[in-house]
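The structure appears right after this line, and notes come after that.
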Amino acid sequence: MSTTPLKVAVTGAAGQIGYSLLFRLASGALGDRPIELRLLEIEPALKTLEGVVMELDDCAFPNLAGIEIGHEAEKVFDGVNLALLVGARPRGPGMERGDLLEANGAIFTAQGKALNAVAADDVRIGVTGNPANTNALIAMTNAPDVPQSRFSALTRLDHNRAISQLAAKTGAPVTDITHMTIWGNHSATQYPDLFHAQVAGRNAAETVGDQDWLENTFIPTVAKRGAAIIDARGSSSAASAASATIDAARDWLHGSADDDWVSMAVVSDGSYGVPEGLISSFPVTTRDGDWEIVQGLEIDDFSRARIDASVAELAEERDAVAKLGLI
Ligand SMILES: NC(=O)C1=CN([C@@H]2O[C@H](COP(=O)(O)OP(=O)(O)OC[C@H]3O[C@@H](n4cnc5c(N)ncnc54)[C@H](O)[C@@H]3O)[C@@H](O)[C@H]2O)C=CC1
Ligand SMILES: O=C([O-])CC(=O)C(=O)O
């Protein structure tokens, strides 16, 4: 194991997700390698962030090798190996994540440019801030020197939600649920796929044997879970979003489990009819910091229609940010 600290940037570090994410990162959720935190916030939030840093100090985490904070992306991102782009406005009740495009898009233009200029050559960039897929597209487009494969958007929370719902339905432990896939956008159009998922090695859709539940309960529960949490909590999911951000980063850096896959929104190479260049969620395997889209899955008409609908929304979002001059 390298003893050189992994430099991890977190944006929006004084926000709700940050408050959960930073303590998990600092306590070793990405492995034993020491980490150095680089925390970016807007200037008015720096005082709050200083308080969070005091708390991190007070935990005396053995593997926390240093913390730097600031409001200038080019300083904070200097030499980072992993950038977790969380900072963005969350939606409130009655909003869709796409309503945040204009408010949040500009953040990712500037941060893409800054990462392009100063990040380490091996940087990996995970976007959590919404609308995550299109924000990742904006950052990627504004960072032409960083390989496109280094960008991903978070659909791991949806993936974890789908696992949890299926486990509850079948009575199986979550560890028995494998091969889950979220296709498309991190939005209400996403398609959580039970036709390729497995419960203790058996096909999940067959195990459930209830198309009505699959179509009218499972898919909408997973796809609209974010809104249900906003409705119940008054603010959007935070600890679960931080946990999923860590799951995604850990698997990206260290590899997904053998004989399983994970969901990640990554740049499409045209696989499964998703237009090249869109950042869409796929089943992927990861190893040593690289990902590969799982190939050869059969897509029936039911799945095809749902993947196409979510991908059409991604194309609309891309066109909207192109009109705004963000890509
Ligand atoms: N992809 C996913 O699964 C999920 C995504 N989210 C999204 O994550 C984002 C953050 O959520 P919360 O932490 O709850 O929001 P929050 O409002 O509590 O925190 C956001 C933080 O970002 C900061 N910020 C704003 N502009 C910034 C900039 N240019 N640079 C650096 N920091 C900046 C704000 O000052 C604030 O402290 C939201 O867009 C939310 O919708 C939330 C849950 C799940
Ligand atoms: O729903 C939201 O706005 C926050 C989010 O992305 C989620 O919880 O999946």
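Letters A, B, ... mark the chains of the structure tokens in the order given; residue numbers begin at 1 per chain; ligand numbers begin at 1, in order shown.
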Determine, counting only C-alpha atoms, which protein, DNA and RNA residues have an atom within 7 Å of an atom of segment 118-125 of chain A; residues of the same chain fewer than 4 positions away are not included. Present the result as a PyMOL selection string. chain A and resi 74+77-84+114+150-152
Can I get the selection written as a PDB file, in the first residue's frame, with C-alpha atoms?
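Below is the file that was written, selection23.pdb:
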```
ATOM      1  CA  GLU A  74      -7.527  25.954  -8.897  1.00  0.00           C
ATOM      2  CA  PHE A  77      -7.819  20.977  -6.775  1.00  0.00           C
ATOM      3  CA  ASP A  78      -4.050  21.227  -7.173  1.00  0.00           C
ATOM      4  CA  GLY A  79      -2.653  17.699  -7.540  1.00  0.00           C
ATOM      5  CA  VAL A  80      -5.843  15.902  -6.483  1.00  0.00           C
ATOM      6  CA  ASN A  81      -6.194  12.201  -7.293  1.00  0.00           C
ATOM      7  CA  LEU A  82      -9.908  12.011  -6.602  1.00  0.00           C
ATOM      8  CA  ALA A  83     -12.455  14.816  -6.854  1.00  0.00           C
ATOM      9  CA  LEU A  84     -15.909  14.326  -5.389  1.00  0.00           C
ATOM     10  CA  ALA A 114      -9.911  23.990 -12.851  1.00  0.00           C
ATOM     11  CA  ARG A 150     -12.214   9.673 -15.584  1.00  0.00           C
ATOM     12  CA  PHE A 151     -15.661  11.227 -15.133  1.00  0.00           C
ATOM     13  CA  SER A 152     -18.661   9.566 -13.616  1.00  0.00           C
TER      14      SER A 152
END
```
Kindly work out which residues sit at most 8 Å from ligand 1, using only C-alpha atoms and all ligand atoms, and give the list as a VMD selection string. chain A and resid 11 to 19 40 to 42 44 to 45 71 73 86 to 91 97 100 104 107 to 108 111 127 to 132 153 to 158 186 226 235 to 238 240 to 242 244 to 245
Can you list, as a list of chain:residue names, every protein, DNA or RNA residue that comes within 6 Å of Ile327 of chain A when you count only C-alpha atoms, leaving out same-chain residues fewer than 5 positions away? A:Ile138, A:Thr141, A:Ala322
Given only C-alpha atoms as the basis, pick out the residue of A:Val267, A:Ala60, A:Met140, A:Gly70 nearest to Ser27 of chain A.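 Of the candidates, the smallest distance to Ser27 of chain A is held by A:Ala60.
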Please, which residues of segment 73-284 of chain A, numbered as in this document, come out helix (DSSP H, G or I) from DSSP, as a PDB file with C-alpha atoms, in the first residue's frame?
```
ATOM      1  CA  ALA A  73     -10.975  25.750  -7.282  1.00  0.00           C
ATOM      2  CA  GLU A  74      -7.527  25.954  -8.897  1.00  0.00           C
ATOM      3  CA  LYS A  75      -5.831  26.075  -5.501  1.00  0.00           C
ATOM      4  CA  VAL A  76      -7.961  23.428  -3.834  1.00  0.00           C
ATOM      5  CA  ARG A  97     -33.539  17.568 -10.474  1.00  0.00           C
ATOM      6  CA  GLY A  98     -33.460  18.909 -14.034  1.00  0.00           C
ATOM      7  CA  ASP A  99     -34.855  22.211 -12.696  1.00  0.00           C
ATOM      8  CA  LEU A 100     -31.386  22.760 -11.211  1.00  0.00           C
ATOM      9  CA  LEU A 101     -29.615  22.733 -14.572  1.00  0.00           C
ATOM     10  CA  GLU A 102     -29.255  26.449 -14.940  1.00  0.00           C
ATOM     11  CA  ALA A 103     -28.441  27.169 -11.275  1.00  0.00           C
ATOM     12  CA  ASN A 104     -25.844  24.418 -10.992  1.00  0.00           C
ATOM     13  CA  GLY A 105     -24.474  24.086 -14.518  1.00  0.00           C
ATOM     14  CA  ALA A 106     -22.130  27.048 -14.200  1.00  0.00           C
ATOM     15  CA  ILE A 107     -20.450  25.503 -11.144  1.00  0.00           C
ATOM     16  CA  PHE A 108     -19.372  22.497 -13.193  1.00  0.00           C
ATOM     17  CA  THR A 109     -18.023  24.571 -16.074  1.00  0.00           C
ATOM     18  CA  ALA A 110     -15.624  26.348 -13.723  1.00  0.00           C
ATOM     19  CA  GLN A 111     -14.704  23.199 -11.812  1.00  0.00           C
ATOM     20  CA  GLY A 112     -14.117  21.205 -15.030  1.00  0.00           C
ATOM     21  CA  LYS A 113     -11.701  23.902 -16.195  1.00  0.00           C
ATOM     22  CA  ALA A 114      -9.911  23.990 -12.851  1.00  0.00           C
ATOM     23  CA  LEU A 115      -9.510  20.200 -12.765  1.00  0.00           C
ATOM     24  CA  ASN A 116      -8.224  20.287 -16.319  1.00  0.00           C
ATOM     25  CA  ALA A 117      -5.578  22.794 -15.269  1.00  0.00           C
ATOM     26  CA  VAL A 118      -4.303  21.433 -11.972  1.00  0.00           C
ATOM     27  CA  ALA A 132     -25.535  14.688 -11.696  1.00  0.00           C
ATOM     28  CA  ASN A 133     -25.311  13.143 -15.180  1.00  0.00           C
ATOM     29  CA  THR A 134     -25.462  16.428 -17.012  1.00  0.00           C
ATOM     30  CA  ASN A 135     -23.205  18.190 -14.517  1.00  0.00           C
ATOM     31  CA  ALA A 136     -20.645  15.452 -15.191  1.00  0.00           C
ATOM     32  CA  LEU A 137     -21.084  16.051 -18.918  1.00  0.00           C
ATOM     33  CA  ILE A 138     -20.450  19.768 -18.363  1.00  0.00           C
ATOM     34  CA  ALA A 139     -17.333  19.137 -16.268  1.00  0.00           C
ATOM     35  CA  MET A 140     -16.025  16.576 -18.767  1.00  0.00           C
ATOM     36  CA  THR A 141     -16.566  18.870 -21.733  1.00  0.00           C
ATOM     37  CA  GLN A 148     -13.363  11.139 -20.570  1.00  0.00           C
ATOM     38  CA  SER A 149     -13.298   7.828 -18.739  1.00  0.00           C
ATOM     39  CA  ARG A 150     -12.214   9.673 -15.584  1.00  0.00           C
ATOM     40  CA  ARG A 156     -24.976   4.238  -6.837  1.00  0.00           C
ATOM     41  CA  LEU A 157     -27.569   5.615  -4.438  1.00  0.00           C
ATOM     42  CA  ASP A 158     -30.317   4.458  -6.812  1.00  0.00           C
ATOM     43  CA  HIS A 159     -28.505   1.115  -7.147  1.00  0.00           C
ATOM     44  CA  ASN A 160     -28.383   0.716  -3.362  1.00  0.00           C
ATOM     45  CA  ARG A 161     -32.034   1.717  -3.050  1.00  0.00           C
ATOM     46  CA  ALA A 162     -32.976  -0.914  -5.632  1.00  0.00           C
ATOM     47  CA  ILE A 163     -31.019  -3.586  -3.757  1.00  0.00           C
ATOM     48  CA  SER A 164     -32.717  -2.651  -0.510  1.00  0.00           C
ATOM     49  CA  GLN A 165     -36.228  -2.719  -2.012  1.00  0.00           C
ATOM     50  CA  LEU A 166     -35.641  -6.087  -3.662  1.00  0.00           C
ATOM     51  CA  ALA A 167     -34.189  -7.548  -0.475  1.00  0.00           C
ATOM     52  CA  ALA A 168     -37.240  -6.391   1.483  1.00  0.00           C
ATOM     53  CA  LYS A 169     -39.615  -7.876  -1.106  1.00  0.00           C
ATOM     54  CA  THR A 170     -37.914 -11.273  -1.280  1.00  0.00           C
ATOM     55  CA  VAL A 174     -28.880  -7.473   0.792  1.00  0.00           C
ATOM     56  CA  THR A 175     -25.697  -9.490   0.342  1.00  0.00           C
ATOM     57  CA  ASP A 176     -27.674 -12.018  -1.734  1.00  0.00           C
ATOM     58  CA  ALA A 204     -34.687 -11.536  -9.708  1.00  0.00           C
ATOM     59  CA  ALA A 205     -37.711 -10.890 -11.949  1.00  0.00           C
ATOM     60  CA  GLU A 206     -38.509 -14.627 -11.984  1.00  0.00           C
ATOM     61  CA  THR A 207     -37.943 -14.931  -8.243  1.00  0.00           C
ATOM     62  CA  VAL A 208     -40.347 -12.065  -7.573  1.00  0.00           C
ATOM     63  CA  GLN A 211     -44.811  -7.976 -12.946  1.00  0.00           C
ATOM     64  CA  ASP A 212     -47.354  -5.641 -11.366  1.00  0.00           C
ATOM     65  CA  TRP A 213     -45.088  -5.091  -8.328  1.00  0.00           C
ATOM     66  CA  LEU A 214     -42.049  -4.698 -10.542  1.00  0.00           C
ATOM     67  CA  GLU A 215     -43.731  -2.137 -12.780  1.00  0.00           C
ATOM     68  CA  ASN A 216     -46.009  -0.255 -10.407  1.00  0.00           C
ATOM     69  CA  THR A 217     -44.226  -0.472  -7.062  1.00  0.00           C
ATOM     70  CA  PHE A 218     -40.544  -1.308  -7.431  1.00  0.00           C
ATOM     71  CA  ILE A 219     -39.607   0.998 -10.315  1.00  0.00           C
ATOM     72  CA  PRO A 220     -41.467   4.093  -9.045  1.00  0.00           C
ATOM     73  CA  THR A 221     -40.338   3.546  -5.444  1.00  0.00           C
ATOM     74  CA  VAL A 222     -36.691   3.510  -6.478  1.00  0.00           C
ATOM     75  CA  ALA A 223     -37.017   6.266  -9.079  1.00  0.00           C
ATOM     76  CA  ARG A 225     -37.143   7.811  -3.538  1.00  0.00           C
ATOM     77  CA  GLY A 226     -35.297  11.127  -3.524  1.00  0.00           C
ATOM     78  CA  ALA A 227     -38.609  13.019  -3.614  1.00  0.00           C
ATOM     79  CA  ALA A 228     -40.064  10.797  -0.865  1.00  0.00           C
ATOM     80  CA  ILE A 229     -37.098  11.664   1.350  1.00  0.00           C
ATOM     81  CA  ILE A 230     -37.471  15.383   0.664  1.00  0.00           C
ATOM     82  CA  ASP A 231     -41.139  15.056   1.538  1.00  0.00           C
ATOM     83  CA  ALA A 232     -40.396  13.278   4.822  1.00  0.00           C
ATOM     84  CA  ARG A 233     -37.245  15.087   5.954  1.00  0.00           C
ATOM     85  CA  ALA A 239     -26.124  10.385   4.759  1.00  0.00           C
ATOM     86  CA  SER A 240     -27.289   7.835   2.199  1.00  0.00           C
ATOM     87  CA  ALA A 241     -25.942  10.031  -0.611  1.00  0.00           C
ATOM     88  CA  ALA A 242     -22.595  10.288   1.183  1.00  0.00           C
ATOM     89  CA  SER A 243     -22.541   6.518   1.707  1.00  0.00           C
ATOM     90  CA  ALA A 244     -23.238   5.880  -1.975  1.00  0.00           C
ATOM     91  CA  THR A 245     -20.584   8.426  -2.994  1.00  0.00           C
ATOM     92  CA  ILE A 246     -18.099   6.416  -0.950  1.00  0.00           C
ATOM     93  CA  ASP A 247     -19.281   3.044  -2.288  1.00  0.00           C
ATOM     94  CA  ALA A 248     -18.825   4.348  -5.827  1.00  0.00           C
ATOM     95  CA  ALA A 249     -15.375   5.848  -5.208  1.00  0.00           C
ATOM     96  CA  ARG A 250     -14.124   2.793  -3.322  1.00  0.00           C
ATOM     97  CA  ASP A 251     -15.210   0.390  -6.048  1.00  0.00           C
ATOM     98  CA  TRP A 252     -13.802   2.629  -8.772  1.00  0.00           C
ATOM     99  CA  LEU A 253     -10.386   2.820  -7.112  1.00  0.00           C
ATOM    100  CA  HIS A 254     -10.206  -0.723  -5.734  1.00  0.00           C
ATOM    101  CA  SER A 271     -23.337   0.550 -25.950  1.00  0.00           C
ATOM    102  CA  TYR A 272     -26.963  -0.547 -25.671  1.00  0.00           C
ATOM    103  CA  GLY A 273     -28.013   2.126 -28.161  1.00  0.00           C
TER     104      GLY A 273
END
```
With a distance cut-off of 8 Å and only C-alpha atoms, select the neighbouring residues of Gln190 of chain A, excluding the residue or stretch itself and same-chain residues fewer than 3 positions from it, and output the selection as a VMD selection string. chain A and resid 182 to 187 223 306 to 307 310
Same residues, N, CA and C atoms, saved as a tab-separated table (two decimals), in the first residue's frame:
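Saved the output as part-v5.tsv:
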```tsv
chain	number	residue	atom	x	y	z
A	182	ILE	N	-28.90	0.17	-12.66
A	182	ILE	CA	-29.68	1.37	-12.92
A	182	ILE	C	-29.24	1.85	-14.30
A	183	TRP	N	-30.19	2.03	-15.19
A	183	TRP	CA	-29.88	2.54	-16.53
A	183	TRP	C	-30.34	4.00	-16.63
A	184	GLY	N	-29.56	4.81	-17.35
A	184	GLY	CA	-30.03	6.14	-17.75
A	184	GLY	C	-29.64	7.26	-16.82
A	185	ASN	N	-30.63	8.07	-16.49
A	185	ASN	CA	-30.41	9.33	-15.78
A	185	ASN	C	-30.68	9.15	-14.28
A	186	HIS	N	-29.98	9.89	-13.45
A	186	HIS	CA	-30.32	9.95	-12.02
A	186	HIS	C	-31.50	10.91	-11.88
A	187	SER	N	-32.67	10.40	-12.23
A	187	SER	CA	-33.88	11.23	-12.23
A	187	SER	C	-35.06	10.28	-12.15
A	223	ALA	N	-37.24	5.06	-8.26
A	223	ALA	CA	-37.02	6.27	-9.08
A	223	ALA	C	-37.45	7.54	-8.36
A	306	ARG	N	-37.92	1.75	-21.52
A	306	ARG	CA	-37.54	2.54	-20.34
A	306	ARG	C	-36.15	3.14	-20.47
A	307	ILE	N	-35.22	2.36	-21.00
A	307	ILE	CA	-33.87	2.92	-21.21
A	307	ILE	C	-33.97	4.08	-22.21
A	310	SER	N	-35.28	7.34	-20.63
A	310	SER	CA	-34.34	8.04	-19.75
A	310	SER	C	-33.22	8.68	-20.57
```
Pull the strand (DSSP E or B) assignments for segment 20-64 of chain A out of DSSP run on the backbone, and list those residues as JSON, numbers by chain. {"A": [35, 36, 37, 38, 39, 40, 64]}
Using the selection just defined, write its residues with C-alpha atoms as a PDB file, in the first residue's frame.
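So selection36.pdb came out as:
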```pdb
ATOM      1  CA  ILE A  35      -5.716  10.722   2.802  1.00  0.00           C
ATOM      2  CA  GLU A  36      -5.390  14.450   2.501  1.00  0.00           C
ATOM      3  CA  LEU A  37      -8.651  16.353   2.228  1.00  0.00           C
ATOM      4  CA  ARG A  38      -8.979  19.376  -0.066  1.00  0.00           C
ATOM      5  CA  LEU A  39     -12.247  21.087   0.703  1.00  0.00           C
ATOM      6  CA  LEU A  40     -13.854  23.610  -1.628  1.00  0.00           C
ATOM      7  CA  LEU A  64      -5.981  11.808   7.966  1.00  0.00           C
TER       8      LEU A  64
END
```
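Proximity to ligand 2 was assessed for A:Pro5, A:Gly51, A:Pro34, A:Pro93 counting only C-alpha atoms and all ligand atoms; the smallest distance is recorded for A:Pro93.
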Given only C-alpha atoms and all ligand atoms as the counted atoms, nearest of A:Ile67, A:Met95, A:Leu314, A:Leu297 to ligand 2: A:Met95
Rounded to one decimal in Å, what is the spacing between atom CA of Val10 of chain A and atom CA of Glu72 of chain A? 12.7 Å
Between atom CA of Asp57 of chain A and atom CA of Phe23 of chain A, measure the distance and give it in Å to one decimal.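 Distance reported for this atom pair: 10.3 Å.
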